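Asker: This is the content of work.txt (compact mmCIF, C-alpha atoms):
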# COMPACT_ATOMS: atom_id res chain seq x y z
CA MET C 173 8.15 27.32 -54.30
CA PHE C 174 10.59 25.28 -52.25
CA ILE C 175 13.52 27.17 -50.75
CA VAL C 176 16.04 24.96 -48.99
CA ARG C 177 18.70 25.78 -46.45
CA SER C 178 21.96 26.08 -48.36
CA LEU C 179 23.73 25.12 -45.14
CA ALA C 180 22.59 21.53 -45.40
CA LEU C 181 21.37 21.14 -48.97
CA ALA C 182 24.22 22.60 -50.96
CA THR C 183 24.76 21.03 -54.36
CA ILE C 184 27.55 18.55 -53.77
CA PRO C 185 28.00 15.29 -55.71
CA LEU C 186 26.29 12.41 -53.94
CA THR C 187 27.94 9.12 -53.15
CA PHE C 188 26.13 6.27 -51.46
CA ALA C 189 28.69 4.57 -49.25
CA ALA C 190 27.65 1.69 -47.04
CA ALA C 191 27.28 2.53 -43.37
CA ALA C 192 30.21 1.60 -41.16
CA ALA C 193 29.91 -2.04 -40.23
CA SER C 194 31.70 -2.20 -36.91
CA PRO C 195 33.27 0.02 -34.26
CA GLU C 196 36.99 0.51 -33.86
CA VAL C 197 36.90 -1.22 -30.47
CA ALA C 198 36.11 -4.95 -30.50
CA PRO C 199 33.10 -6.11 -28.48
CA PRO C 200 33.67 -7.67 -25.04
CA PRO C 201 34.28 -11.44 -25.05
CA VAL C 202 30.91 -12.19 -23.44
CA LEU C 203 29.20 -10.83 -26.58
CA LYS C 204 31.46 -12.18 -29.32
CA GLN C 205 29.98 -15.67 -29.35
CA HIS C 206 26.59 -14.20 -30.29
CA ILE C 207 27.78 -12.01 -33.18
CA ALA C 208 27.88 -13.15 -36.80
CA ASN C 209 27.48 -11.23 -40.06
CA GLU C 210 26.91 -7.96 -38.20
CA GLU C 211 23.99 -9.39 -36.24
CA PHE C 212 23.73 -9.93 -32.50
CA SER C 213 21.55 -12.97 -31.91
CA PRO C 214 21.84 -14.39 -28.38
CA PRO C 215 19.37 -17.11 -27.36
CA ASP C 216 18.40 -15.13 -24.25
CA PHE C 217 19.63 -12.26 -22.06
CA ALA C 218 22.13 -14.24 -20.01
CA TRP C 219 24.83 -11.75 -21.10
CA MET C 220 22.99 -9.16 -18.97
CA ARG C 221 23.33 -10.99 -15.64
CA GLY C 222 25.75 -8.36 -14.40
CA ALA C 223 23.02 -5.71 -14.48
CA PHE C 224 20.95 -7.39 -11.77
CA ALA C 225 21.11 -7.23 -7.99
CA ASN C 226 22.23 -10.83 -7.48
CA ALA C 227 25.12 -10.67 -9.97
CA THR C 228 28.59 -11.94 -9.14
CA VAL C 229 31.64 -9.68 -9.23
CA ILE C 230 32.72 -11.24 -12.55
CA GLU C 231 29.27 -10.73 -14.06
CA ARG C 232 29.20 -7.09 -12.96
CA THR C 233 32.64 -6.52 -14.46
CA GLU C 234 31.52 -8.07 -17.75
CA TYR C 235 28.42 -5.89 -17.86
CA GLU C 236 30.42 -2.73 -17.10
CA ALA C 237 32.67 -3.61 -20.04
CA ILE C 238 29.60 -3.86 -22.26
CA GLN C 239 28.38 -0.45 -21.13
CA SER C 240 31.78 1.11 -21.81
CA TRP C 241 31.89 -0.50 -25.23
CA LEU C 242 28.44 0.87 -26.10
CA GLU C 243 29.56 4.37 -25.10
CA GLU C 244 32.62 4.04 -27.33
CA CYS C 245 30.41 2.82 -30.18
CA ALA C 246 28.23 5.91 -29.93
CA ARG C 247 31.21 8.26 -29.71
CA SER C 248 33.03 6.68 -32.65
CA ALA C 249 29.94 6.50 -34.87
CA ALA C 250 29.01 10.12 -34.10
CA GLU C 251 32.49 11.28 -35.04
CA GLU C 252 32.44 9.30 -38.27
CA THR C 253 29.02 10.70 -39.15
CA ARG C 254 30.14 14.25 -38.37
CA LYS C 255 33.08 13.91 -40.79
CA LYS C 256 30.83 12.65 -43.58
CA LEU C 257 28.36 15.50 -43.05
CA ILE C 258 31.15 18.06 -43.13
CA GLU C 259 32.16 16.66 -46.52
CA MET C 260 28.54 17.25 -47.60
CA GLY C 261 28.64 20.88 -46.54
CA VAL C 262 27.05 20.59 -43.10
CA LYS C 263 29.32 22.40 -40.67
CA GLU C 264 27.31 21.97 -37.48
CA THR C 265 27.83 18.94 -35.32
CA PRO C 266 24.59 16.89 -35.24
CA SER C 267 23.01 17.24 -31.84
CA ASN C 268 20.08 14.88 -32.20
CA ALA C 269 21.26 12.13 -34.52
CA PRO C 270 21.21 8.76 -32.65
CA VAL C 271 23.92 7.05 -34.66
CA SER C 272 25.75 3.86 -33.82
CA TYR C 273 27.09 0.73 -35.48
CA PRO C 274 24.71 -2.14 -36.36
CA VAL C 275 25.83 -4.62 -33.71
CA CYS C 276 26.15 -1.89 -31.09
CA GLU C 277 22.61 -0.64 -31.55
CA GLN C 278 21.29 -4.20 -31.41
CA VAL C 279 23.05 -4.76 -28.09
CA ALA C 280 21.84 -1.37 -26.83
CA ALA C 281 18.23 -2.45 -27.43
CA LYS C 282 18.16 -4.16 -24.05
CA PRO C 283 15.54 -4.11 -21.30
CA GLU C 284 16.15 -2.01 -18.22
CA PRO C 285 16.86 -4.33 -15.24
CA GLU C 286 15.33 -2.02 -12.62
CA ALA C 287 11.85 -3.46 -13.20
CA TYR C 288 12.88 -6.87 -11.84
CA ASP C 289 13.82 -8.22 -8.41
CA ASP C 290 16.72 -10.24 -9.76
CA PHE C 291 17.80 -12.15 -12.85
CA GLU C 292 15.59 -15.12 -11.97
CA ASP C 293 12.55 -12.81 -11.85
CA PHE C 294 13.57 -11.36 -15.20
CA SER C 295 14.09 -14.82 -16.73
CA SER C 296 10.67 -16.07 -15.65
CA HIS C 297 9.04 -13.16 -17.49
CA TYR C 298 11.30 -13.63 -20.49
CA ILE C 299 10.01 -17.19 -20.83
CA THR C 300 6.41 -15.96 -21.08
CA THR C 301 7.21 -13.00 -23.33
CA ARG C 302 9.43 -14.61 -25.94
CA PRO C 303 6.64 -16.68 -27.57
CA ILE C 304 4.54 -13.52 -28.04
CA PHE C 305 7.40 -11.83 -29.84
CA ASP C 306 8.26 -14.93 -31.89
CA ALA C 307 4.64 -15.19 -33.04
CA LEU C 308 4.74 -11.58 -34.22
CA VAL C 309 7.95 -12.15 -36.19
CA ALA C 310 6.66 -15.40 -37.72
CA ALA C 311 3.40 -13.78 -38.81
CA THR C 312 5.28 -10.84 -40.32
CA GLU C 313 7.65 -13.07 -42.26
CA LEU C 314 4.71 -15.14 -43.50
CA ALA C 315 3.06 -11.98 -44.81
CA GLU C 316 6.28 -10.94 -46.53
CA ASN C 317 6.79 -14.34 -48.13
CA ASN C 318 3.20 -14.68 -49.29
CA ILE C 319 2.82 -11.27 -50.90
CA HIS C 320 1.48 -11.80 -54.40
CA ARG C 321 4.32 -10.85 -56.75
CA ARG C 322 3.46 -10.82 -60.44
CA SER C 323 6.21 -8.83 -62.13
CA GLY C 324 9.13 -8.70 -59.68
CA SER C 325 9.16 -4.95 -60.19
CA LEU C 326 10.75 -2.27 -58.01
CA ALA C 327 7.28 -1.12 -57.02
CA GLU C 328 6.47 -4.59 -55.67
CA ASP C 329 9.81 -4.73 -53.86
CA LEU C 330 9.03 -1.43 -52.16
CA HIS C 331 5.59 -2.63 -51.06
CA GLN C 332 7.11 -5.79 -49.62
CA ARG C 333 9.88 -3.89 -47.80
CA VAL C 334 7.48 -1.81 -45.73
CA ILE C 335 5.43 -4.72 -44.36
CA ALA C 336 7.75 -5.38 -41.41
CA ASP C 337 8.46 -1.66 -41.06
CA GLN C 338 4.79 -0.95 -40.39
CA VAL C 339 3.92 -4.11 -38.45
CA TYR C 340 6.78 -3.64 -36.00
CA ARG C 341 6.18 0.09 -35.52
CA ASN C 342 2.50 -0.54 -34.85
CA ALA C 343 3.56 -3.25 -32.41
CA LEU C 344 5.71 -0.67 -30.61
CA SER C 345 2.66 1.57 -30.19
CA TRP C 346 0.62 -1.37 -28.92
CA ALA C 347 3.29 -2.36 -26.42
CA TRP C 348 3.71 1.20 -25.13
CA SER C 349 -0.01 1.82 -24.82
CA GLU C 350 -1.51 1.89 -21.35
CA THR C 351 -5.03 1.48 -22.72
CA PRO C 352 -6.13 -2.10 -23.54
CA ARG C 353 -7.74 -2.61 -26.94
CA ASP C 354 -10.79 -4.80 -27.42
CA GLY C 355 -9.77 -8.29 -28.47
CA VAL C 356 -6.06 -7.55 -28.19
CA PRO C 357 -3.97 -9.04 -25.37
CA HIS C 358 -2.26 -6.61 -23.02
CA LEU C 359 1.32 -7.12 -21.90
CA ALA C 360 1.93 -7.46 -18.18
CA PRO C 361 4.12 -4.72 -16.66
CA LYS C 362 7.15 -7.02 -16.43
CA GLN C 363 6.61 -8.40 -19.93
CA LYS C 364 6.57 -5.00 -21.58
CA PRO C 365 10.30 -4.07 -21.19
CA ILE C 366 11.33 -7.46 -22.56
CA PHE C 367 8.98 -7.33 -25.53
CA LEU C 368 10.05 -3.78 -26.36
CA ALA C 369 13.74 -4.74 -26.18
CA LEU C 370 13.24 -7.69 -28.53
CA LEU C 371 11.23 -5.54 -30.90
CA ARG C 372 13.73 -2.66 -30.90
CA ARG C 373 16.51 -5.09 -31.75
CA GLU C 374 14.47 -6.54 -34.63
CA LEU C 375 13.64 -3.05 -35.91
CA ALA C 376 17.32 -2.09 -35.79
CA VAL C 377 18.16 -5.05 -38.04
CA ARG C 378 15.29 -4.39 -40.44
CA ASP C 379 15.88 -0.63 -40.69
CA ARG C 380 19.55 -1.17 -41.46
CA ALA C 381 18.74 -3.73 -44.14
CA ASN C 382 16.11 -1.47 -45.69
CA THR C 383 18.47 1.51 -45.70
CA GLU C 384 21.30 -0.38 -47.40
CA TRP C 385 18.85 -1.85 -49.93
CA LEU C 386 17.41 1.56 -50.78
CA LYS C 387 20.92 3.00 -51.14
CA GLU C 388 21.72 0.37 -53.76
CA ILE C 389 18.47 1.04 -55.62
CA VAL C 390 19.03 4.79 -55.67
CA ALA C 391 22.68 4.46 -56.73
CA ASP C 392 21.71 2.13 -59.57
CA GLN C 393 18.33 3.52 -60.71
CA GLY C 394 17.91 6.94 -59.16
CA TRP C 395 15.17 7.93 -56.72
CA PRO C 396 11.93 5.89 -57.12
CA THR C 397 9.75 8.59 -58.66
CA ILE C 398 6.01 8.61 -59.23
CA SER C 399 6.38 8.16 -62.98
CA LYS C 400 8.74 5.23 -62.43
CA VAL C 401 6.99 3.22 -59.69
CA GLY C 402 3.65 4.93 -59.05
CA VAL C 403 2.36 7.15 -56.25
CA ASP C 404 2.05 4.44 -53.60
CA ALA C 405 5.43 2.81 -54.19
CA SER C 406 7.20 6.18 -54.37
CA ALA C 407 5.73 6.95 -50.95
CA LYS C 408 7.11 3.64 -49.70
CA ALA C 409 10.62 4.72 -50.74
CA TRP C 410 10.16 7.92 -48.77
CA LEU C 411 8.97 5.91 -45.76
CA LEU C 412 12.13 3.80 -45.77
CA ALA C 413 14.23 6.97 -45.90
CA GLN C 414 12.13 8.56 -43.16
CA HIS C 415 12.93 5.60 -40.91
CA ALA C 416 16.65 5.49 -41.77
CA ASP C 417 17.33 7.46 -38.59
CA ARG C 418 20.57 5.66 -37.79
CA ASP C 419 22.01 6.95 -41.06
CA PRO C 420 21.50 10.74 -41.16
CA VAL C 421 24.01 10.99 -44.00
CA PHE C 422 21.75 8.94 -46.26
CA GLN C 423 18.65 10.80 -45.05
CA LEU C 424 20.26 14.05 -46.13
CA GLN C 425 21.20 12.53 -49.47
CA ALA C 426 17.60 11.38 -49.95
CA LEU C 427 16.31 14.85 -49.09
CA ARG C 428 18.62 16.42 -51.67
CA LEU C 429 17.41 14.01 -54.30
CA MET C 430 13.74 14.59 -53.51
CA GLU C 431 13.85 18.40 -53.44
CA PRO C 432 14.06 19.06 -57.22
CA LEU C 433 11.66 16.20 -57.89
CA VAL C 434 8.94 17.93 -55.85
CA GLU C 435 8.88 20.81 -58.33
CA ARG C 436 8.29 18.34 -61.17
CA GLY C 437 5.55 16.44 -59.34
CA GLU C 438 7.69 13.32 -59.20
CA VAL C 439 7.57 12.93 -55.41
CA SER C 440 5.02 13.99 -52.83
CA ALA C 441 5.49 17.50 -51.44
CA LYS C 442 4.02 16.31 -48.13
CA ASN C 443 6.54 13.48 -47.89
CA TYR C 444 9.35 15.89 -48.66
CA ALA C 445 8.15 18.17 -45.85
CA TYR C 446 8.17 15.35 -43.31
CA LEU C 447 11.68 14.27 -44.29
CA TYR C 448 12.91 17.88 -44.34
CA ASP C 449 11.77 18.41 -40.75
CA ARG C 450 13.22 15.10 -39.59
CA VAL C 451 16.62 15.80 -41.15
CA MET C 452 16.88 19.47 -40.21
CA LEU C 453 15.99 18.89 -36.58
CA LYS C 454 18.93 16.51 -36.36
CA LEU C 455 21.43 18.63 -38.24
CA VAL C 456 20.59 22.22 -37.31
CA GLY C 457 18.00 21.88 -34.57
CA GLU C 458 15.07 23.50 -36.40
CA GLN C 459 12.21 22.33 -38.58
CA ARG C 460 10.04 24.20 -41.08
CA TYR C 461 6.68 22.46 -41.35
CA ALA C 462 5.96 21.53 -37.70
CA THR C 463 5.55 17.84 -38.49
CA GLN C 464 7.59 16.86 -35.43
CA VAL C 465 5.92 17.52 -32.08
CA TYR C 466 6.43 16.69 -28.42
CA CYS C 467 4.48 16.95 -25.18
CA LYS C 468 4.94 20.04 -23.03
CA GLY C 469 2.71 21.06 -20.14
CA GLY C 470 0.18 18.39 -21.07
CA GLU C 471 -0.12 19.62 -24.68
CA ARG C 472 1.54 18.76 -27.97
CA VAL C 473 3.67 21.56 -29.34
CA PRO C 474 6.03 21.73 -32.33
CA GLN C 475 9.72 21.15 -31.86
CA PRO C 476 11.85 24.26 -32.62
CA LEU C 477 10.86 26.06 -35.81
CA GLU C 478 12.80 28.04 -38.40
CA ASP C 479 10.05 30.66 -38.54
CA GLU C 480 6.97 30.27 -36.36
CA GLU C 481 5.04 33.02 -38.17
CA LYS C 482 5.59 31.53 -41.61
CA MET C 483 4.91 27.95 -40.54
CA PRO C 484 1.14 27.98 -41.34
CA GLU C 485 1.67 29.17 -44.92
CA GLN C 486 4.61 26.83 -45.40
CA ARG C 487 2.43 23.88 -44.37
CA GLU C 488 -0.26 25.01 -46.79
CA ALA C 489 2.28 25.35 -49.62
CA VAL C 490 3.09 21.63 -49.47
CA GLY C 491 -0.50 20.52 -48.98
CA LEU C 492 -0.39 19.79 -45.26
CA VAL C 493 -3.47 20.43 -43.12
CA SER C 494 -3.36 23.23 -40.58
CA PHE C 495 -1.31 22.56 -37.49
CA GLU C 496 -4.45 22.60 -35.32
CA VAL C 497 -6.09 19.92 -37.44
CA TYR C 498 -2.84 17.94 -37.47
CA LEU C 499 -2.81 17.82 -33.68
CA SER C 500 -6.31 16.34 -33.69
CA TYR C 501 -4.96 13.27 -35.50
CA PHE C 502 -3.08 12.10 -32.40
CA SER C 503 -5.23 9.53 -30.62
CA SER C 504 -3.48 9.47 -27.25
CA PRO C 505 -3.39 12.53 -24.98
CA CYS C 506 -0.17 14.00 -23.62
CA PRO C 507 0.51 13.00 -20.02
CA ALA C 508 -0.30 15.72 -17.50
CA GLU C 509 2.77 17.18 -15.84
Write the structure described by the file as structure tokens, please.

Answerer:
Amino acid sequence: MFIVRSLALATIPLTFAAAAASPEVAPPPVLKQHIANEEFSPPDFAWMRGAFANATVIERTEYEAIQSWLEECARSAAEETRKKLIEMGVKETPSNAPVSYPVCEQVAAKPEPEAYDDFEDFSSHYITTRPIFDALVAATELAENNIHRRSGSLAEDLHQRVIADQVYRNALSWAWSETPRDGVPHLAPKQKPIFLALLRRELAVRDRANTEWLKEIVADQGWPTISKVGVDASAKAWLLAQHADRDPVFQLQALRLMEPLVERGEVSAKNYAYLYDRVMLKLVGEQRYATQVYCKGGERVPQPLEDEEKMPEQREAVGLVSFEVYLSYFSSPCPAE
């Protein structure tokens, strides 16, 4: 039996409004030339010159304006999100919901300058890193374009949508890894921040597009259930919602839609559990099924729980393996403190 927290899952009519497109404060002039159709697409990172040691006074002033603008973006988006959640019955202020506006989060996906001697040092590594990233994007788009589509069905659309989602998230793991893999190139230390910044920006664009697409599907056709699209494709819809982290309002809406469908076997109980934990940690600071963990004292432990004693039976009720077995699935060890 699935008992939900009335605090966050009260029965309130759902509306699927598009996420806010832009902040109240206009972006600094140095960024405007690179913004079109809610996408930030500069040819390089020249707009970041002010972050480096050899910057001019003007460049530093421009970069400080960018930082202030990003802070205002986060503040404004958080306030807008809080108001929407209050309308949905959530009275707490989200404490762990990283919301922002599309262009703002793309700009925020920038490399940290501390790893480089100066902008020239940074630029020399950008030149060697950009082709690696471009090859990844080109290969991903080729896979998306060449997927064999027979019926043009929603199920096929869902399968196609998750290609980039999974390729780019696996690429993040590869880039972060300190352990080289056989036959796979390893990024140099000064290439890694640049590659990760480019990839985070690309993921921000893709995640936003996937979220808005899924909103339209759900508003028009309802949640993609197992009987409608099949087990695999229904899981793909959940995956897109699971990764809609910049839109906690929609994630909560998706959770509300999935909850009654679990009882009817129309969506996976395991998937519901993962989304429940992800949403509740953001909105009320506690999870139920211990799907979300972090490293503490060199070991993985669950993030705060609603009821630690009941957690094992709650995991079992939705078909999840024991927490001890779950921890064994993580391939990389926690860093020693």

Asker: For each of C:Phe305, C:Phe502, C:Phe224, C:Trp219, take the minimum atom-to-atom distance to C:Tyr288, counting only C-alpha atoms, then give the residue where this is smallest.

Answerer: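 Selected residue with least distance to C:Tyr288: C:Phe224.
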
Asker: With only C-alpha atoms as the basis for distance, which of C:Leu412, C:Leu371, C:Arg321, C:Lys468 is at the shortest distance from C:Asn342?

Answerer: C:Leu371

Asker: What's the 12 Å shell around C:Asn226, counting only C-alpha atoms, without same-chain residues fewer than 3 positions away, as a ChimeraX atom specification?

Answerer: /C:220-223,229-232,285,288-294

Asker: Rounded to one decimal, what separation in Å do you get between atom CA of C:Pro507 and atom CA of C:Tyr448?

Answerer: 27.7 Å

Asker: Which residue gives the smallest distance to C:Thr253 among C:Leu314, C:Leu477, C:Val421, C:Met452, with all atoms listed in the file counted?

Answerer: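 Checking each of C:Leu314, C:Leu477, C:Val421, C:Met452 against C:Thr253, counting all atoms listed in the file, the winner is C:Val421.
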
Asker: Got a sec: who's within 12 Å of C:His415, counting only C-alpha atoms, leaving out chain neighbours fewer than 5 positions off, as a PDB file with C-alpha atoms, in the frame of the given file?

Answerer:
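In the end it all went to part.pdb:
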ATOM      1  CA  VAL C 334       7.480  -1.810 -45.730  1.00  0.00           C
ATOM      2  CA  ASP C 337       8.460  -1.660 -41.060  1.00  0.00           C
ATOM      3  CA  GLN C 338       4.790  -0.950 -40.390  1.00  0.00           C
ATOM      4  CA  ARG C 341       6.180   0.090 -35.520  1.00  0.00           C
ATOM      5  CA  LEU C 375      13.640  -3.050 -35.910  1.00  0.00           C
ATOM      6  CA  ALA C 376      17.320  -2.090 -35.790  1.00  0.00           C
ATOM      7  CA  ARG C 378      15.290  -4.390 -40.440  1.00  0.00           C
ATOM      8  CA  ASP C 379      15.880  -0.630 -40.690  1.00  0.00           C
ATOM      9  CA  ARG C 380      19.550  -1.170 -41.460  1.00  0.00           C
ATOM     10  CA  ALA C 381      18.740  -3.730 -44.140  1.00  0.00           C
ATOM     11  CA  ASN C 382      16.110  -1.470 -45.690  1.00  0.00           C
ATOM     12  CA  THR C 383      18.470   1.510 -45.700  1.00  0.00           C
ATOM     13  CA  LEU C 386      17.410   1.560 -50.780  1.00  0.00           C
ATOM     14  CA  LYS C 408       7.110   3.640 -49.700  1.00  0.00           C
ATOM     15  CA  ALA C 409      10.620   4.720 -50.740  1.00  0.00           C
ATOM     16  CA  TRP C 410      10.160   7.920 -48.770  1.00  0.00           C
ATOM     17  CA  PRO C 420      21.500  10.740 -41.160  1.00  0.00           C
ATOM     18  CA  PHE C 422      21.750   8.940 -46.260  1.00  0.00           C
ATOM     19  CA  GLN C 423      18.650  10.800 -45.050  1.00  0.00           C
ATOM     20  CA  ALA C 426      17.600  11.380 -49.950  1.00  0.00           C
ATOM     21  CA  TYR C 446       8.170  15.350 -43.310  1.00  0.00           C
ATOM     22  CA  LEU C 447      11.680  14.270 -44.290  1.00  0.00           C
ATOM     23  CA  ARG C 450      13.220  15.100 -39.590  1.00  0.00           C
ATOM     24  CA  VAL C 451      16.620  15.800 -41.150  1.00  0.00           C
TER      25      VAL C 451
END

Asker: Under the rule that all atoms listed in the file are counted, which of C:Ala405, C:Val434, C:Val271, C:Leu326 is the nearest residue to C:Glu252?

Answerer: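 Using all atoms listed in the file, C:Glu252 sits closest to C:Val271.
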